[in-house]
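**Q** First the structure, then my questions, so here it is.
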Protein chains: 2
Amino acid sequence: MGVMTRWLDPDEQRTWRAFLTASRALMDTLDRELQRDAGMPHAYYEILVRLSEAPRRQLRMSELADLTGSSRSRLSHAAARLESAGWIRREDCPTDRRGQIAVLTDDGFAVLAAAAPGHVEGVRHHLFDALSPAQVDQLRRISETLVAHLTG
Amino acid sequence: MGVMTRWLDPDEQRTWRAFLTASRALMDTLDRELQRDAGMPHAYYEILVRLSEAPRRQLRMSELADLTGSSRSRLSHAAARLESAGWIRREDCPTDRRGQIAVLTDDGFAVLAAAAPGHVEGVRHHLFDALSPAQVDQLRRISETLVAHLTG
DNA sequence: GCGATTTAGTTGAACACTCAACCAGTGCCG
DNA sequence: CGGCACTGGTTGAGTGTTCAACTAAATCGC
């Protein structure tokens, strides 16, 4: 209250709108490709990826939520769908009786293995192929700075 | 088919994940703030902004869809909601009888004016305050390159 | 130990987005 | 002119996300 708004100057305005447009277009494109080729949205693909990289292909629900930057609720709903598709299953946690462990099934792994090459090509084509090596480096630093700033 | 997948190297992997995390966290944060303070998601806010900047605060639906990077369907649904909130209204286009013109109402303008300062502060705080001027410049170039690449 | 708080996860309702199907009006080309 | 493809926009069904409320189990403080 009472403090004047520090409006965006024209450069900032331009940067903000370009960033908005670019990140939305990129995500929409990858989402559509993944939906078309693998029958799942990008968020679900990421869940499978994280599980596939975990020891024994399994993770606590809360850990999985953190890794995918998802709310617990969202992950719960997503897990219900992935489970009914047969791509993951949920088991009780032996050490914490509140806990649930999401496990990637063989079917889930197969679906992921089939989808991954196309998706990686998409990321490469739509993102990395457009940028110089220096820009990729800049983007990494900027993104890591933002992550630290937003979560710190 | 037959072409080996060019997997992401560790640097690219790291860049991609940081970008994903950062852009999702940023959007989620701004979305939540806007929902809390103005009772609308960021996508709807953007629609009102674009209308407020247009001559006579009005735009053809298709033009508005292009400006906001939205599908026509999405915009139609959004417009229905914004109209029932009384923030926009739709009029017939005099020169093309298929067309509809979205017009920002006074109520819509007032809601936007009330929401804007807080939102701008959010963008500044969560994005620009975290980056050096050089990084802002880099982000602008990268984003503009991506937009050109994705839409060209 | 035992009540109060916190953490893990799920649920249902309300809302938003996608996709495909659709109507209506425009414009092109014979 | 008359047919045909294209454009502008809407609709409904299906799917995903959010928010708040809720259960159950662990943990903290005394």
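Lettering and numbering for the structure tokens are positional, with chains as A, B, ... in the shown order, residues counted from 1 in each chain, and ligands counted from 1 in the shown order.
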If you run DSSP over the backbone, which residues in region 4-78 of chain B end up helix (DSSP H, G or I)? Put them as a PyMOL selection string.
**A** chain B and resi 10-38+42-53+55-57+61-67+72-78
**Q** With only C-alpha atoms (C1' of nucleotides) counted and 9 Å as the cut-off, give the residues of chain D in contact with chain B, each with its shortest interatomic distance in Å and the pair that gives it, as a tab-separated table.
**A**
residue	atom	partner	partner_atom	distance
D:DT7	C1'	B:Arg98	CA	8.9
D:DG8	C1'	B:Arg98	CA	5.7
D:DG9	C1'	B:Gly99	CA	7.2
D:DT10	C1'	B:Ser76	CA	6.9
**Q** Residues near DG30 (chain C), anyone? I mean within 12 Å using only C-alpha atoms (C1' of nucleotides), not counting same-chain ones fewer than 3 positions away, as a PyMOL selection string.
**A** chain D and resi 1-4
**Q** How would the residues just picked look written out with C-alpha atoms (C1' of nucleotides) as a JSON list (two decimals), in the first residue's frame?
**A**
[["chain", "number", "residue", "atom", "x", "y", "z"],
["D", 1, "DC", "C1'", -24.15, -17.64, -61.16],
["D", 2, "DG", "C1'", -23.18, -22.13, -58.53],
["D", 3, "DG", "C1'", -20.59, -25.39, -56.35],
["D", 4, "DC", "C1'", -16.65, -26.16, -53.11]]
**Q** Which residue gives the smallest distance to chain C among B:Gln35, B:Gln58, B:Ser143, B:Gln135, with only C-alpha atoms (C1' of nucleotides) counted?
**A**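 Distance minimum relative to chain C lands on B:Gln35.
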**Q** Which residues come within 12 Å of DT23 (chain D), counting only C-alpha atoms (C1' of nucleotides), excluding same-chain residues fewer than 4 positions away, as a list in words?
**A** Arg98 of chain A; DA8, DG9, DT10 and DT11 of chain C
**Q** Show me a table, sorted first by chain and then by increasing residue number, of the residues of chain C having an atom at most 10 Å from chain B, each with its shortest atom pair and the distance in Å to one decimal, counting only C-alpha atoms (C1' of nucleotides) and written as JSON lines.
**A**
{"residue": "C:DA16", "atom": "C1'", "partner": "B:Ala78", "partner_atom": "CA", "distance": 8.5}
{"residue": "C:DC17", "atom": "C1'", "partner": "B:Arg74", "partner_atom": "CA", "distance": 6.6}
{"residue": "C:DT18", "atom": "C1'", "partner": "B:Arg74", "partner_atom": "CA", "distance": 8.3}
{"residue": "C:DC19", "atom": "C1'", "partner": "B:Ser73", "partner_atom": "CA", "distance": 9.4}
{"residue": "C:DA24", "atom": "C1'", "partner": "B:Arg98", "partner_atom": "CA", "distance": 6.8}
{"residue": "C:DG25", "atom": "C1'", "partner": "B:Arg98", "partner_atom": "CA", "distance": 5.5}
{"residue": "C:DT26", "atom": "C1'", "partner": "B:Asp96", "partner_atom": "CA", "distance": 8.3}
